[in-house]
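Here is the structure we will look at, set down as structure tokens.
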Amino acid sequence: MALLAYQLNHYLGHLEDSLFNWILPILDNYEVPEKDHKAIMAYHTLAKIPLNQRLALRRKSLKPGKGPKPVTYSLYLLDSNLSNVSLFSSNYQNQVFRIKEQLDVFNQQVHFSLEQFDKTWDPTLSRDAVEKSLDESYEILADRAKWVVEAIDDLEST
């Protein structure tokens with residue numbers, strides 16, 4: 001989900017240092033067998049170059065008619081163990097259910113953004129208006145994805 005937040009921000013041209021300061025520790029600390037060390041080093045390299053060069057690279061990488069295709073996320077393990085959540089403290093339960101709620105809202109926004117993306121091909125609609133709505137939807141998704149990642153991190157810390 002952190003990578004989706006990055007991809008959306010990249011697409012929108014929000015490549016400030018704060019984005020890299022946020023995502024690099026997440027990528028560095030993410031421990032999975034299939035961790036792509038070369039990709040993580042590429043993010044570190046991007047973080048070291050000036051913003052104007054990042055934006056120039058972004059412009060070169062964008063392809064007309066293509067954009068991010070966010071996907072929905074689910075919490076299968078949580079959903080299958082909802083009755084066991086009551087074994088934890090009420091604070092922990094509140095955090096878990098707040099994450100679940102925000103992920104549900106995130107998923108609704110994903111569906112909306114995909115509908116907006118489909119509208120970019122409709123010649124009867126104002127392309128500028130649809131693209132503006134799509135960009136706003138991507139902004140919301142990026143912010144909510146970041147919130148969910150941070151909430152999960154907070155939950156893991158408790």
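All residue names refer to the structure tokens as shown: chains lettered A, B, ... in order, residues numbered from 1 in each chain, ligands numbered from 1 in order.
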
Taking 5 positions as the minimum chain separation for residues in the same chain, which residues sit within 7 Å of range 115-123 of chain A when counting only C-alpha atoms? Answer as a PDB file with C-alpha atoms, in the first residue's frame.
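To be explicit, this is the file written out as part-v9.pdb:
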ATOM      1  CA  VAL A 130     -12.930  14.014 -15.892  1.00  0.00           C
ATOM      2  CA  GLU A 131      -9.137  14.242 -15.559  1.00  0.00           C
ATOM      3  CA  LEU A 134      -9.547  11.541 -11.500  1.00  0.00           C
TER       4      LEU A 134
END

As an MDAnalysis selection string, which residues of range 55-110 of chain A does DSSP assign to helix (DSSP H, G or I)?
chainID A and resid 55:61 76:80 82:87 90:110

For the selection just defined, write its residues with C-alpha atoms to a file, as a tab-separated table (two decimals), in the first residue's frame.
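Saved as part-v4.tsv:
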chain	number	residue	atom	x	y	z
A	55	LEU	CA	10.09	15.89	-12.06
A	56	ALA	CA	11.94	15.76	-15.39
A	57	LEU	CA	12.35	11.99	-15.04
A	58	ARG	CA	8.67	11.73	-14.14
A	59	ARG	CA	7.64	13.62	-17.28
A	60	LYS	CA	9.71	11.24	-19.41
A	61	SER	CA	8.20	8.17	-17.75
A	76	TYR	CA	-8.89	-11.83	5.02
A	77	LEU	CA	-7.13	-12.89	8.20
A	78	LEU	CA	-8.87	-10.21	10.24
A	79	ASP	CA	-12.24	-10.94	8.66
A	80	SER	CA	-11.94	-14.62	9.50
A	82	LEU	CA	-13.24	-10.96	14.01
A	83	SER	CA	-14.61	-12.77	17.04
A	84	ASN	CA	-11.08	-13.09	18.47
A	85	VAL	CA	-10.42	-9.36	18.32
A	86	SER	CA	-12.42	-9.02	21.53
A	87	LEU	CA	-9.57	-10.77	23.36
A	90	SER	CA	-10.36	-1.94	23.78
A	91	ASN	CA	-7.72	0.50	22.51
A	92	TYR	CA	-6.25	-2.20	20.27
A	93	GLN	CA	-9.73	-3.19	19.07
A	94	ASN	CA	-10.51	0.44	18.23
A	95	GLN	CA	-7.30	0.74	16.22
A	96	VAL	CA	-8.01	-2.48	14.31
A	97	PHE	CA	-11.57	-1.52	13.47
A	98	ARG	CA	-10.55	2.02	12.48
A	99	ILE	CA	-8.02	0.54	10.03
A	100	LYS	CA	-10.68	-1.81	8.68
A	101	GLU	CA	-13.12	1.08	8.29
A	102	GLN	CA	-10.58	3.27	6.52
A	103	LEU	CA	-9.59	0.41	4.23
A	104	ASP	CA	-13.26	-0.03	3.30
A	105	VAL	CA	-13.47	3.69	2.46
A	106	PHE	CA	-10.20	3.37	0.51
A	107	ASN	CA	-11.69	0.50	-1.51
A	108	GLN	CA	-14.79	2.57	-2.31
A	109	GLN	CA	-12.51	5.35	-3.55
A	110	VAL	CA	-10.64	2.82	-5.72

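Of the listed residues A:Ser113, A:Lys66, A:Ala47, A:Tyr73, the one whose atoms come nearest to Ile140 in chain A is A:Ser113, with distances taken using only C-alpha atoms.
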
Considering only C-alpha atoms, return as a ChimeraX atom specification whatever protein or nucleic-acid residues lie within 10 Å of Ser133 in chain A, sequence-local ones (same chain, fewer than 4 positions apart) excluded.
/A:112-113,116-117,127-129,137-139

Selection above as a file: N, CA and C atoms, as a short mmCIF file (atom, residue, chain, number, x, y, z; two decimals), in the first residue's frame:
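Wrote out05.cif, looks like this:
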data_model
loop_
_atom_site.label_atom_id
_atom_site.label_comp_id
_atom_site.auth_asym_id
_atom_site.auth_seq_id
_atom_site.Cartn_x
_atom_site.Cartn_y
_atom_site.Cartn_z
N PHE A 112 -14.39 4.28 -7.35
CA PHE A 112 -14.71 5.57 -7.94
C PHE A 112 -13.63 6.00 -8.93
N SER A 113 -12.37 5.86 -8.55
CA SER A 113 -11.28 6.30 -9.44
C SER A 113 -11.24 5.45 -10.71
N GLN A 116 -13.84 6.82 -12.93
CA GLN A 116 -13.39 8.06 -13.53
C GLN A 116 -12.40 7.79 -14.66
N PHE A 117 -11.52 6.82 -14.45
CA PHE A 117 -10.55 6.46 -15.49
C PHE A 117 -11.29 5.99 -16.75
N ARG A 127 -13.14 16.16 -21.15
CA ARG A 127 -11.92 15.45 -20.75
C ARG A 127 -11.24 16.16 -19.58
N ASP A 128 -11.19 17.49 -19.60
CA ASP A 128 -10.55 18.24 -18.52
C ASP A 128 -11.25 17.99 -17.19
N ALA A 129 -12.58 18.00 -17.20
CA ALA A 129 -13.34 17.79 -15.97
C ALA A 129 -13.13 16.38 -15.42
N SER A 137 -9.32 12.21 -7.13
CA SER A 137 -9.52 10.87 -6.58
C SER A 137 -8.19 10.23 -6.22
N TYR A 138 -7.18 10.41 -7.08
CA TYR A 138 -5.85 9.88 -6.79
C TYR A 138 -5.25 10.54 -5.55
N GLU A 139 -5.49 11.84 -5.40
CA GLU A 139 -5.00 12.56 -4.20
C GLU A 139 -5.59 11.93 -2.94
#

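Counting from CA of Leu46 in chain A, the distance to CA of Ala2 in chain A is 16.3 Å.
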
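Among the candidates A:Glu156, A:Asp135, A:Asp28, A:Asp36, the one nearest to Pro68 in chain A when counting only C-alpha atoms is A:Asp135.
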
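Checking A:Ser89, A:Lys38, A:His10, A:Thr45 one by one against Leu155 in chain A, counting only C-alpha atoms, you find the shortest gap at A:Ser89.
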
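Here CA of Gly67 in chain A is placed at a distance of 8.8 Å from CA of Leu8 in chain A.
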
Residues near Phe20 in chain A, cut-off 9 Å, only C-alpha atoms, skip fewer than 3 positions along chain, as number ranges by chain
A: 6, 15-17, 23-25, 43-44, 46-47
